[in-house]
$ cat coords_27.txt   # compact mmCIF, C-alpha atoms and all ligand atoms
# COMPACT_ATOMS: atom_id res chain seq x y z
CA MET F 1 3.21 -46.93 -48.86
CA SER F 2 1.55 -43.83 -47.36
CA THR F 3 2.74 -42.63 -43.97
CA VAL F 4 0.31 -42.42 -41.04
CA ARG F 5 0.42 -38.88 -39.62
CA PRO F 6 -0.57 -37.68 -36.12
CA ILE F 7 -3.37 -35.10 -36.28
CA LEU F 8 -1.37 -32.26 -34.72
CA ASP F 9 1.43 -32.64 -37.28
CA MET F 10 -0.90 -31.73 -40.14
CA ASN F 11 -0.42 -28.28 -41.68
CA ALA F 12 1.86 -27.56 -38.74
CA PHE F 13 4.73 -25.11 -38.40
CA ASP F 14 8.06 -26.93 -38.03
CA ALA F 15 9.60 -25.44 -34.89
CA SER F 16 12.76 -27.57 -35.01
CA ASN F 17 14.85 -24.76 -36.56
CA GLY F 18 13.57 -22.10 -34.15
CA ALA F 19 12.10 -18.78 -35.29
CA LYS F 20 12.47 -15.04 -34.95
CA GLY F 21 10.02 -12.21 -34.21
CA ALA F 22 6.49 -12.94 -33.03
CA VAL F 23 6.79 -16.67 -33.80
CA GLY F 24 10.07 -16.90 -31.88
CA ARG F 25 8.41 -15.17 -28.94
CA ARG F 26 5.61 -17.75 -29.05
CA LEU F 27 8.08 -20.65 -29.11
CA ALA F 28 9.97 -19.17 -26.17
CA ASN F 29 6.72 -18.88 -24.20
CA LEU F 30 5.04 -22.20 -25.02
CA GLY F 31 8.07 -24.40 -25.71
CA ALA F 32 7.52 -27.89 -27.12
CA ALA F 33 3.75 -27.64 -26.56
CA SER F 34 3.45 -24.82 -29.10
CA VAL F 35 1.32 -25.93 -32.08
CA LEU F 36 0.98 -23.43 -34.91
CA PHE F 37 -0.66 -23.72 -38.31
CA TYR F 38 1.23 -23.19 -41.57
CA ARG F 39 4.87 -23.29 -42.63
CA GLU F 40 4.82 -19.56 -41.98
CA PRO F 41 2.41 -18.99 -39.07
CA ILE F 42 -0.11 -16.16 -39.30
CA GLN F 43 -0.39 -13.48 -36.63
CA MET F 44 -4.11 -12.72 -36.29
CA VAL F 45 -5.54 -9.54 -34.81
CA SER F 46 -9.30 -9.60 -35.36
CA ALA F 47 -12.21 -11.45 -36.97
CA LYS F 48 -15.83 -10.87 -37.92
CA GLY F 49 -18.36 -13.19 -39.58
CA ALA F 50 -16.44 -15.60 -41.84
CA TRP F 51 -13.37 -13.35 -42.10
CA MET F 52 -10.16 -13.07 -40.11
CA THR F 53 -7.65 -10.21 -40.31
CA ALA F 54 -3.91 -10.64 -39.84
CA ALA F 55 -1.43 -8.18 -38.35
CA ASP F 56 -0.19 -7.26 -41.84
CA GLY F 57 -3.75 -6.34 -42.86
CA THR F 58 -4.41 -9.46 -44.98
CA ARG F 59 -8.01 -10.66 -44.75
CA TYR F 60 -8.65 -14.40 -44.80
CA LEU F 61 -11.86 -16.25 -45.54
CA ASP F 62 -12.07 -18.73 -42.63
CA PHE F 63 -12.98 -22.15 -43.99
CA TYR F 64 -11.54 -24.07 -41.10
CA ASN F 65 -12.60 -22.83 -37.70
CA ASN F 66 -15.38 -24.82 -36.08
CA VAL F 67 -15.44 -22.76 -32.88
CA PRO F 68 -16.86 -19.34 -33.88
CA SER F 69 -19.54 -21.33 -35.63
CA VAL F 70 -22.27 -18.69 -35.87
CA GLY F 71 -19.64 -16.21 -37.08
CA HIS F 72 -16.58 -14.62 -35.50
CA SER F 73 -17.37 -11.95 -32.87
CA HIS F 74 -21.13 -12.36 -33.31
CA ALA F 75 -22.74 -9.29 -31.71
CA ALA F 76 -25.55 -11.21 -29.97
CA VAL F 77 -23.10 -13.59 -28.28
CA VAL F 78 -20.71 -10.80 -27.33
CA GLU F 79 -23.58 -8.77 -25.84
CA ALA F 80 -25.04 -11.70 -23.90
CA LEU F 81 -21.80 -12.74 -22.28
CA SER F 82 -20.67 -9.15 -21.62
CA ALA F 83 -23.97 -8.36 -19.88
CA GLN F 84 -23.74 -11.53 -17.79
CA ILE F 85 -20.13 -11.05 -16.68
CA ALA F 86 -21.00 -7.48 -15.67
CA THR F 87 -23.83 -8.85 -13.51
CA LEU F 88 -22.85 -12.19 -11.96
CA ASN F 89 -20.33 -14.92 -12.57
CA THR F 90 -19.78 -17.65 -10.05
CA ASN F 91 -19.25 -21.37 -9.76
CA ALA F 92 -22.01 -23.93 -10.20
CA ARG F 93 -22.79 -24.30 -6.49
CA TYR F 94 -25.41 -21.58 -6.43
CA VAL F 95 -28.78 -21.63 -8.12
CA VAL F 96 -28.68 -19.15 -10.99
CA SER F 97 -31.66 -19.17 -13.31
CA VAL F 98 -29.59 -18.22 -16.39
CA VAL F 99 -27.97 -21.65 -16.13
CA ASP F 100 -31.20 -23.62 -15.87
CA ASP F 101 -32.79 -21.54 -18.64
CA TYR F 102 -29.90 -22.53 -20.87
CA ILE F 103 -29.89 -26.21 -19.92
CA GLU F 104 -33.61 -26.43 -20.62
CA ALA F 105 -33.13 -24.79 -24.04
CA LEU F 106 -30.33 -27.25 -24.79
CA LYS F 107 -32.39 -30.24 -23.60
CA ALA F 108 -35.18 -29.20 -25.96
CA ARG F 109 -32.71 -30.08 -28.75
CA LEU F 110 -31.76 -33.47 -27.25
CA PRO F 111 -33.49 -36.87 -26.97
CA ASP F 112 -35.90 -36.89 -24.01
CA ALA F 113 -34.12 -39.81 -22.34
CA LEU F 114 -30.92 -37.77 -21.93
CA SER F 115 -32.42 -35.48 -19.37
CA ASN F 116 -29.35 -34.75 -17.24
CA VAL F 117 -26.73 -32.30 -18.49
CA VAL F 118 -23.26 -31.78 -17.03
CA LEU F 119 -21.42 -28.70 -18.23
CA THR F 120 -17.64 -28.67 -18.50
CA CYS F 121 -15.01 -26.33 -19.95
CA SER F 122 -13.65 -28.49 -22.78
CA GLY F 123 -14.67 -31.35 -25.04
CA SER F 124 -11.85 -33.39 -23.51
CA GLU F 125 -13.40 -33.06 -20.05
CA ALA F 126 -16.80 -34.01 -21.46
CA ASN F 127 -15.43 -37.17 -23.10
CA ASP F 128 -13.38 -38.02 -20.02
CA LEU F 129 -16.52 -37.87 -17.90
CA ALA F 130 -18.55 -39.77 -20.51
CA LEU F 131 -16.07 -42.66 -20.43
CA ARG F 132 -16.06 -42.74 -16.64
CA ILE F 133 -19.86 -42.82 -16.66
CA ALA F 134 -19.76 -45.71 -19.14
CA PHE F 135 -17.29 -47.64 -16.96
CA ALA F 136 -19.48 -47.12 -13.88
CA ALA F 137 -22.77 -47.90 -15.61
CA THR F 138 -21.58 -51.10 -17.30
CA GLY F 139 -18.94 -52.35 -14.86
CA ARG F 140 -16.77 -52.92 -17.94
CA ARG F 141 -13.64 -51.25 -19.29
CA GLY F 142 -13.41 -51.86 -23.05
CA VAL F 143 -13.84 -48.95 -25.47
CA ILE F 144 -14.12 -49.03 -29.27
CA VAL F 145 -13.06 -46.03 -31.34
CA THR F 146 -12.15 -45.45 -34.97
CA ARG F 147 -8.55 -45.90 -36.07
CA THR F 148 -7.76 -42.21 -36.58
CA ALA F 149 -10.07 -40.81 -33.91
CA TYR F 150 -9.35 -37.74 -31.81
CA HIS F 151 -11.46 -37.23 -28.69
CA GLY F 152 -9.33 -34.91 -26.57
CA ASN F 153 -6.31 -34.43 -24.37
CA THR F 154 -6.80 -35.80 -20.82
CA ALA F 155 -4.81 -38.92 -19.89
CA LEU F 156 -7.90 -41.11 -20.23
CA VAL F 157 -9.12 -39.54 -23.46
CA THR F 158 -5.66 -39.61 -25.05
CA ASP F 159 -5.84 -43.39 -24.61
CA VAL F 160 -8.87 -43.42 -26.94
CA SER F 161 -7.41 -40.89 -29.41
CA PRO F 162 -5.10 -42.90 -31.67
CA SER F 163 -4.51 -39.91 -33.95
CA ALA F 164 -2.88 -38.01 -31.06
CA LEU F 165 -0.17 -40.63 -30.55
CA LYS F 166 3.26 -39.95 -32.01
CA ARG F 167 4.57 -43.29 -30.85
CA GLY F 168 3.22 -46.42 -29.17
CA ALA F 169 -0.29 -47.80 -29.40
CA PRO F 170 -3.53 -47.46 -27.42
CA PRO F 171 -3.81 -49.63 -24.25
CA ASP F 172 -5.29 -53.11 -24.43
CA TRP F 173 -8.76 -52.01 -23.24
CA VAL F 174 -9.07 -49.93 -26.43
CA GLU F 175 -10.02 -51.49 -29.76
CA THR F 176 -9.85 -49.53 -33.00
CA VAL F 177 -11.86 -50.07 -36.17
CA PRO F 178 -11.32 -48.51 -39.61
CA ALA F 179 -13.38 -45.38 -40.26
CA PRO F 180 -16.70 -45.98 -42.05
CA GLY F 181 -15.58 -45.22 -45.60
CA ARG F 182 -15.32 -47.02 -48.92
CA GLU F 183 -11.61 -47.65 -48.52
CA ALA F 184 -12.32 -50.10 -45.69
CA TYR F 185 -15.85 -51.34 -46.37
CA ARG F 186 -16.44 -50.87 -50.12
CA ASP F 187 -20.15 -50.61 -50.94
CA ASP F 188 -21.45 -51.91 -47.60
CA ILE F 189 -20.33 -49.26 -45.14
CA ALA F 190 -23.10 -49.93 -42.58
CA GLY F 191 -22.65 -53.71 -42.68
CA GLY F 192 -18.86 -53.60 -42.79
CA PHE F 193 -18.57 -51.08 -39.96
CA SER F 194 -21.00 -53.09 -37.84
CA ARG F 195 -19.02 -56.29 -38.44
CA ALA F 196 -15.78 -54.51 -37.51
CA VAL F 197 -17.38 -53.24 -34.28
CA ARG F 198 -18.75 -56.70 -33.43
CA ASP F 199 -15.31 -58.25 -34.01
CA ALA F 200 -13.79 -55.59 -31.77
CA MET F 201 -16.37 -56.42 -29.06
CA ALA F 202 -15.40 -60.10 -29.30
CA ARG F 203 -11.70 -59.23 -28.88
CA LEU F 204 -12.48 -57.06 -25.81
CA ASP F 205 -14.52 -59.92 -24.37
CA ALA F 206 -11.69 -62.36 -25.02
CA ARG F 207 -9.29 -60.11 -23.08
CA GLY F 208 -11.73 -59.88 -20.18
CA HIS F 209 -12.62 -56.19 -20.62
CA GLY F 210 -16.07 -56.43 -22.17
CA THR F 211 -17.43 -53.42 -24.07
CA ALA F 212 -18.28 -50.39 -21.96
CA ALA F 213 -18.70 -48.06 -24.92
CA LEU F 214 -18.50 -47.35 -28.59
CA LEU F 215 -17.24 -43.75 -28.76
CA VAL F 216 -17.66 -42.07 -32.15
CA ASP F 217 -17.37 -38.58 -33.57
CA SER F 218 -20.48 -38.81 -35.70
CA ILE F 219 -18.85 -36.95 -38.63
CA PHE F 220 -15.49 -38.75 -38.20
CA SER F 221 -13.63 -35.50 -38.50
CA SER F 222 -10.05 -36.57 -37.78
CA ASP F 223 -10.57 -39.86 -39.66
CA GLY F 224 -11.18 -37.80 -42.80
CA ILE F 225 -14.92 -36.85 -42.67
CA PHE F 226 -17.31 -39.70 -43.37
CA ALA F 227 -20.96 -38.75 -43.66
CA ASP F 228 -22.71 -41.05 -46.09
CA PRO F 229 -24.81 -43.03 -46.48
CA ALA F 230 -26.77 -41.47 -43.61
CA GLY F 231 -27.79 -44.28 -41.26
CA PHE F 232 -24.55 -46.25 -41.51
CA LEU F 233 -23.97 -46.01 -37.74
CA HIS F 234 -27.25 -47.68 -36.91
CA PRO F 235 -26.33 -51.41 -37.05
CA ALA F 236 -23.07 -50.92 -35.10
CA ALA F 237 -24.79 -48.84 -32.41
CA LYS F 238 -27.53 -51.43 -32.09
CA ALA F 239 -24.99 -54.26 -31.72
CA VAL F 240 -23.21 -52.45 -28.89
CA GLN F 241 -26.40 -51.51 -27.06
CA THR F 242 -27.87 -55.00 -27.44
CA ALA F 243 -24.74 -56.37 -25.77
CA GLY F 244 -25.16 -53.93 -22.85
CA GLY F 245 -22.54 -51.37 -23.92
CA LEU F 246 -23.16 -47.65 -24.22
CA VAL F 247 -22.99 -45.55 -27.36
CA ILE F 248 -21.32 -42.19 -26.83
CA ALA F 249 -21.91 -39.71 -29.66
CA ASP F 250 -19.10 -37.17 -29.66
CA GLU F 251 -20.77 -34.09 -31.15
CA VAL F 252 -17.86 -31.76 -30.48
CA GLN F 253 -17.36 -31.42 -34.25
CA PRO F 254 -20.73 -32.01 -35.99
CA GLY F 255 -23.06 -30.71 -33.28
CA PHE F 256 -24.97 -27.42 -33.25
CA ALA F 257 -26.42 -27.60 -36.78
CA ARG F 258 -23.23 -27.98 -38.79
CA THR F 259 -24.35 -30.95 -40.88
CA GLY F 260 -27.41 -29.02 -42.04
CA ALA F 261 -29.70 -32.04 -42.19
CA ALA F 262 -29.88 -32.27 -38.40
CA PHE F 263 -28.92 -30.35 -35.28
CA TRP F 264 -26.69 -33.25 -34.13
CA GLY F 265 -24.58 -35.51 -36.31
CA PHE F 266 -25.93 -38.68 -34.69
CA GLN F 267 -29.48 -37.77 -35.80
CA ARG F 268 -28.47 -38.28 -39.44
CA HIS F 269 -27.83 -41.92 -38.52
CA GLY F 270 -31.08 -42.48 -36.66
CA ILE F 271 -29.34 -43.76 -33.54
CA ALA F 272 -30.24 -43.23 -29.88
CA PRO F 273 -26.94 -42.58 -28.08
CA ASP F 274 -26.71 -43.16 -24.33
CA ILE F 275 -24.44 -40.15 -23.89
CA VAL F 276 -23.96 -37.11 -26.12
CA THR F 277 -20.83 -35.02 -25.64
CA MET F 278 -20.45 -31.53 -27.08
CA GLY F 279 -18.08 -28.57 -27.11
CA LYS F 280 -16.29 -26.34 -29.63
CA PRO F 281 -19.16 -24.35 -31.27
CA MET F 282 -21.28 -24.46 -28.12
CA GLY F 283 -20.19 -21.00 -26.88
CA ASN F 284 -18.98 -19.59 -30.23
CA GLY F 285 -15.54 -19.15 -28.72
CA PHE F 286 -16.39 -18.96 -25.05
CA PRO F 287 -14.75 -22.10 -23.61
CA MET F 288 -17.63 -24.38 -22.73
CA ALA F 289 -18.58 -28.01 -23.32
CA GLY F 290 -20.69 -30.69 -21.72
CA LEU F 291 -22.59 -33.91 -21.93
CA ALA F 292 -26.15 -35.17 -21.77
CA ALA F 293 -26.82 -38.56 -20.18
CA ARG F 294 -29.52 -40.75 -18.76
CA PRO F 295 -30.11 -39.94 -15.06
CA ALA F 296 -29.54 -43.58 -14.02
CA HIS F 297 -26.14 -43.71 -15.72
CA LEU F 298 -25.03 -40.44 -14.16
CA ALA F 299 -26.24 -41.67 -10.76
CA ASP F 300 -24.15 -44.86 -11.15
CA PHE F 301 -21.07 -42.70 -11.65
CA CYS F 302 -21.86 -40.20 -8.89
CA ALA F 303 -22.32 -43.07 -6.43
CA ILE F 304 -18.60 -43.78 -6.89
CA THR F 305 -17.11 -40.29 -7.35
CA GLY F 306 -18.48 -36.83 -6.81
CA TYR F 307 -18.15 -34.50 -9.79
CA PHE F 308 -17.56 -30.79 -9.50
CA ASN F 309 -16.20 -28.46 -12.17
CA THR F 310 -15.40 -24.94 -10.95
CA PHE F 311 -15.88 -23.14 -14.25
CA GLY F 312 -18.16 -25.65 -15.97
CA GLY F 313 -21.65 -24.27 -16.47
CA ASN F 314 -20.96 -20.86 -14.98
CA PRO F 315 -23.54 -18.13 -15.71
CA VAL F 316 -21.39 -16.47 -18.38
CA ALA F 317 -21.00 -19.78 -20.23
CA ALA F 318 -24.75 -20.32 -19.97
CA ALA F 319 -25.45 -16.83 -21.35
CA ALA F 320 -23.06 -17.39 -24.27
CA GLY F 321 -24.46 -20.86 -24.97
CA HIS F 322 -28.03 -19.63 -24.87
CA ALA F 323 -27.19 -16.78 -27.26
CA VAL F 324 -25.66 -19.31 -29.67
CA LEU F 325 -28.86 -21.40 -29.66
CA ARG F 326 -30.94 -18.27 -30.31
CA VAL F 327 -28.70 -17.17 -33.18
CA ILE F 328 -28.81 -20.61 -34.83
CA GLU F 329 -32.60 -20.48 -34.64
CA GLY F 330 -33.10 -16.78 -35.40
CA GLU F 331 -30.74 -16.70 -38.39
CA ALA F 332 -31.87 -20.13 -39.69
CA LEU F 333 -28.25 -21.28 -39.70
CA GLN F 334 -29.07 -24.98 -39.91
CA ARG F 335 -30.96 -24.29 -43.12
CA ASN F 336 -28.05 -22.15 -44.35
CA ALA F 337 -25.60 -24.98 -43.58
CA LEU F 338 -27.78 -27.32 -45.61
CA ASP F 339 -28.20 -24.99 -48.60
CA VAL F 340 -24.72 -23.47 -48.84
CA GLY F 341 -23.21 -26.86 -47.96
CA ALA F 342 -25.06 -28.48 -50.89
CA LEU F 343 -23.79 -25.73 -53.17
CA LEU F 344 -20.23 -26.35 -52.05
CA LEU F 345 -20.54 -30.12 -52.38
CA ASP F 346 -21.89 -29.75 -55.92
CA GLY F 347 -19.19 -27.29 -56.84
CA LEU F 348 -16.45 -29.49 -55.40
CA ARG F 349 -17.78 -32.55 -57.22
CA GLY F 350 -17.84 -30.56 -60.45
CA ILE F 351 -14.21 -29.54 -59.94
CA ALA F 352 -13.28 -33.13 -58.97
CA ALA F 353 -14.72 -34.46 -62.23
CA GLY F 354 -11.99 -32.61 -64.13
CA HIS F 355 -9.11 -33.39 -61.76
CA GLU F 356 -7.68 -36.86 -61.33
CA ARG F 357 -5.77 -35.80 -58.19
CA ILE F 358 -9.08 -35.19 -56.37
CA THR F 359 -10.00 -38.76 -55.52
CA GLN F 360 -13.14 -38.25 -53.42
CA VAL F 361 -15.39 -35.49 -52.09
CA ARG F 362 -17.50 -36.21 -49.00
CA GLY F 363 -19.48 -34.39 -46.36
CA ALA F 364 -22.71 -33.09 -44.95
CA GLY F 365 -23.78 -29.48 -44.61
CA LEU F 366 -20.82 -27.26 -43.91
CA PHE F 367 -18.46 -30.09 -42.99
CA LEU F 368 -16.68 -31.35 -46.09
CA GLY F 369 -13.67 -33.50 -46.87
CA VAL F 370 -11.73 -33.67 -50.14
CA ASP F 371 -9.25 -36.53 -50.66
CA LEU F 372 -6.18 -35.71 -52.71
CA GLY F 373 -4.14 -38.47 -54.29
CA ASP F 374 -1.48 -39.37 -56.78
CA ALA F 375 -2.25 -42.40 -58.94
CA GLY F 376 -4.93 -43.33 -56.40
CA ALA F 377 -2.59 -43.18 -53.34
CA PRO F 378 -3.15 -40.51 -50.64
CA ASP F 379 -0.89 -37.54 -51.32
CA ALA F 380 -0.09 -35.61 -48.14
CA ALA F 381 2.55 -33.43 -49.83
CA PHE F 382 0.08 -32.21 -52.46
CA THR F 383 -2.50 -31.63 -49.71
CA THR F 384 -0.06 -29.37 -47.85
CA GLN F 385 0.71 -27.58 -51.13
CA VAL F 386 -2.98 -26.91 -51.77
CA ILE F 387 -3.44 -25.65 -48.19
CA ASP F 388 -0.50 -23.25 -48.65
CA ARG F 389 -1.76 -22.03 -52.04
CA MET F 390 -5.21 -21.40 -50.57
CA ARG F 391 -3.63 -19.42 -47.76
CA ASP F 392 -1.67 -17.37 -50.29
CA GLN F 393 -5.01 -16.56 -51.95
CA GLY F 394 -6.62 -15.63 -48.62
CA VAL F 395 -8.53 -18.81 -47.69
CA LEU F 396 -7.88 -20.87 -44.55
CA ILE F 397 -8.43 -24.65 -44.69
CA GLY F 398 -6.91 -27.66 -42.89
CA ALA F 399 -6.02 -31.33 -43.26
CA ALA F 400 -7.33 -34.56 -41.74
CA GLY F 401 -7.37 -38.29 -42.37
CA ARG F 402 -5.08 -41.19 -41.55
CA TYR F 403 -2.43 -39.99 -44.03
CA GLY F 404 -3.11 -36.26 -43.81
CA ALA F 405 -4.36 -36.27 -47.42
CA THR F 406 -7.91 -35.06 -46.83
CA LEU F 407 -8.69 -31.35 -46.98
CA LYS F 408 -10.92 -30.43 -44.05
CA LEU F 409 -13.45 -27.69 -44.90
CA ARG F 410 -15.49 -26.27 -42.06
CA PRO F 411 -16.54 -22.64 -42.55
CA PRO F 412 -18.84 -20.75 -40.16
CA LEU F 413 -22.54 -21.59 -40.50
CA CYS F 414 -23.27 -18.02 -41.64
CA LEU F 415 -21.29 -18.55 -44.86
CA THR F 416 -22.93 -16.76 -47.79
CA THR F 417 -23.35 -18.12 -51.31
CA GLU F 418 -20.93 -15.41 -52.52
CA GLU F 419 -18.29 -16.58 -50.06
CA ALA F 420 -18.86 -20.19 -51.14
CA ALA F 421 -18.45 -19.20 -54.80
CA ARG F 422 -15.27 -17.31 -53.96
CA PHE F 423 -13.92 -20.40 -52.19
CA LEU F 424 -14.70 -22.68 -55.16
CA ASP F 425 -13.00 -20.32 -57.57
CA ILE F 426 -9.82 -20.11 -55.49
CA PHE F 427 -9.89 -23.84 -54.79
CA GLU F 428 -10.12 -24.74 -58.47
CA ARG F 429 -7.07 -22.62 -59.20
CA ALA F 430 -5.15 -24.05 -56.20
CA VAL F 431 -5.63 -27.70 -57.25
CA SER F 432 -4.87 -26.88 -60.89
CA ALA F 433 -1.71 -24.84 -60.34
C1 LIG Q 501 -14.23 -34.95 -32.02
C2 LIG Q 501 -13.55 -34.21 -30.91
N1 LIG Q 501 -13.84 -34.54 -29.64
C3 LIG Q 501 -13.27 -33.90 -28.61
C4 LIG Q 501 -12.34 -32.90 -28.80
C5 LIG Q 501 -11.70 -32.23 -27.62
O1 LIG Q 501 -12.23 -30.99 -27.40
P1 LIG Q 501 -11.38 -29.87 -26.60
O2 LIG Q 501 -10.23 -29.48 -27.47
O3 LIG Q 501 -12.36 -28.77 -26.36
O4 LIG Q 501 -10.92 -30.49 -25.33
C6 LIG Q 501 -12.01 -32.52 -30.11
C7 LIG Q 501 -11.04 -31.43 -30.34
O5 LIG Q 501 -10.55 -31.20 -31.42
C8 LIG Q 501 -12.63 -33.20 -31.19
O6 LIG Q 501 -12.33 -32.89 -32.46

$ encode --input "coords_27.txt" --output "structure tokens" --more "lines below"
Ligand SMILES: Cc1ncc(COP(=O)(O)O)c(C=O)c1O
Amino acid sequence: MSTVRPILDMNAFDASNGAKGAVGRRLANLGAASVLFYREPIQMVSAKGAWMTAADGTRYLDFYNNVPSVGHSHAAVVEALSAQIATLNTNARYVVSVVDDYIEALKARLPDALSNVVLTCSGSEANDLALRIAFAATGRRGVIVTRTAYHGNTALVTDVSPSALKRGAPPDWVETVPAPGREAYRDDIAGGFSRAVRDAMARLDARGHGTAALLVDSIFSSDGIFADPAGFLHPAAKAVQTAGGLVIADEVQPGFARTGAAFWGFQRHGIAPDIVTMGKPMGNGFPMAGLAARPAHLADFCAITGYFNTFGGNPVAAAAGHAVLRVIEGEALQRNALDVGALLLDGLRGIAAGHERITQVRGAGLFLGVDLGDAGAPDAAFTTQVIDRMRDQGVLIGAAGRYGATLKLRPPLCLTTEEAARFLDIFERAVSA
């Protein structure tokens, strides 16, 4: 029987025996809330493009970090936010055209119906607000999420993030459904997922909550990355919306061109979400996030509670966010994600064909998952081994999935074909060793 693993325990440093030096200093400063990658954590000093440099001079190819998505320390983003902070930075209660310029550029990428944007500082805040909007707009409380979902760290959002829990279970207004993969739904992922969601709606109804929202990360990152067949979200989304619930597309992971085929992950599924939340890559490292919603839904919420976010949508965030949009466009990074992602997927499938411990390769664009198993069962120990071997060869990757047996690959969108080839070469040796 495979063990279910909380998301933050994956590829994590074990602090229980303490540590010396720079790691010990970190533990002394952050205490039990310190979360570090790797059995032996890495002290980083700088990064550029797809590469990070450690204090000992080692250079790592970053195949994991979804935040500096257009490339670490991208000059255009650095310049835009430096110029803005040298000119004006203030809270959102003044009219500053930089902010409206940015929101209009962002809205040009979004469905027309979602014409109100609220900017926040983190994806957690965006999802927290999205849920509160859904409660207000529907007058209901029930929320459906996938079984190994992660949507953030506020009290409310932790309740809908089963993968964050180390003990206990989500509250009774939360229903979970298996992630949309073959393991749960065999060859009918769209139909099976939709049936699971409809059953969950019936259980929420039976408990008197009703369904306020289906909240999904449209690439199912913490569940283990489930991308295909494109369109599989459509029947479930339709069932929820037909019954008066809202669909919240959490684009914190797949948004901003990562899946290559589309700017947003939900677009690959042809659905029309009622709320889109976003974060991580939005400012290429500048802490910013937000949501787009229908004006009527936002008005329902604001009639109950005012919403103000001191740092959300400040001019520096807007300048950084706008620069990111320009870079994605100007450097054709969506196209690059599609092309280099296809190369990686092909390469990984080729390697998998010769390795029985690689049980499945999935993904879209530059968001890929590789399941590792032993005699068909998920193998978390081997996954950790492969992650460590890759690190020893100068490549950073991570883990995901219910059992921590899926390699999570998420390089910057500027990844070159040479860097992809280098990754495949090192990966083949790491799984074969
Ligand atoms: C899908 C998803 N939603 C929301 C969040 C929360 O974002 P943040 O850490 O910026 O609060 C995360 C963070 O990992 C995430 O993966």

$ atom_distance --input "coords_27.txt" --atom1 "atom CA of Pro111 of chain F" --atom2 "atom CA of Thr176 of chain F"
27.5 Å

$ atom_distance --input "coords_27.txt" --atom1 "atom CA of Val327 of chain F" --atom2 "atom CA of Pro315 of chain F"
18.2 Å

$ residues_near_ligand --input "coords_27.txt" --ligand "ligand LIG 501 (chain Q)" --cutoff "9 Å" --atoms "all atoms listed in the file" --output "PyMOL selection string"
chain F and resi 121-127+149-154+157+216-222+250-254+277-280+287-289

$ atom_distance --input "coords_27.txt" --atom1 "atom CA of Ala190 of chain F" --atom2 "atom CA of Ala113 of chain F"
25.2 Å

$ closest_residue --input "coords_27.txt" --among "F:Ala292, F:Val96, F:Ala130, F:Val45" --to "Ser115 of chain F" --atoms "only C-alpha atoms"
F:Ala292

$ closest_residue --input "coords_27.txt" --among "F:Val395, F:Ala317, F:Cys414, F:Ile328" --to "Val78 of chain F" --atoms "only C-alpha atoms"
F:Ala317

$ closest_residue --input "coords_27.txt" --among "F:Gly313, F:Gly231, F:Gly245, F:Gly181" --to "Thr211 of chain F" --atoms "only C-alpha atoms"
F:Gly245

$ closest_residue --input "coords_27.txt" --among "F:Ala134, F:Ala33, F:Ile225, F:Val240" --to "Ala179 of chain F" --atoms "all atoms listed in the file"
F:Ile225

$ residues_around --input "coords_27.txt" --residues "Ala257 of chain F" --least-positions-apart "2" --cutoff "9 Å" --atoms "all atoms listed in the file" --output "ChimeraX atom specification"
/F:254-255,259-265,328,333-335,337-338,365,413

$ residues_around --input "coords_27.txt" --residues "Ala293 of chain F" --least-positions-apart "4" --cutoff "8 Å" --atoms "only C-alpha atoms" --output "ChimeraX atom specification"
/F:113-117,274-276,297-298

$ closest_residue --input "coords_27.txt" --among "F:Pro6, F:Gly49, F:Gly321, F:Pro171" --to "Leu119 of chain F" --atoms "all atoms listed in the file"
F:Gly321

$ closest_residue --input "coords_27.txt" --among "F:Asp101, F:Asp425, F:Asp62, F:Glu40" --to "Asp388 of chain F" --atoms "all atoms listed in the file"
F:Glu40

$ closest_atom_pairs --input "coords_27.txt" --of "segment 33-89 of chain F" --to "segment 399-410 of chain F" --cutoff "8 Å" --atoms "only C-alpha atoms" --output "CSV"
residue,atom,partner,partner_atom,distance
F:Phe63,CA,F:Arg410,CA,5.2
F:Tyr64,CA,F:Arg410,CA,4.6
F:Asn65,CA,F:Arg410,CA,6.3
F:Asn66,CA,F:Arg410,CA,6.2

$ residues_near_point --input "coords_27.txt" --point "(-0.7, -29.1, -32.5)" --cutoff "12 Å" --atoms "only C-alpha atoms" --output "PyMOL selection string"
chain F and resi 6-15+30+32-38+152-153+163-166

$ residues_around --input "coords_27.txt" --residues "segment 79-83 of chain F" --least-positions-apart "2" --cutoff "7 Å" --atoms "all atoms listed in the file" --output "VMD selection string"
chain F and resid 75 to 77 85 to 87 316 319 to 320 323
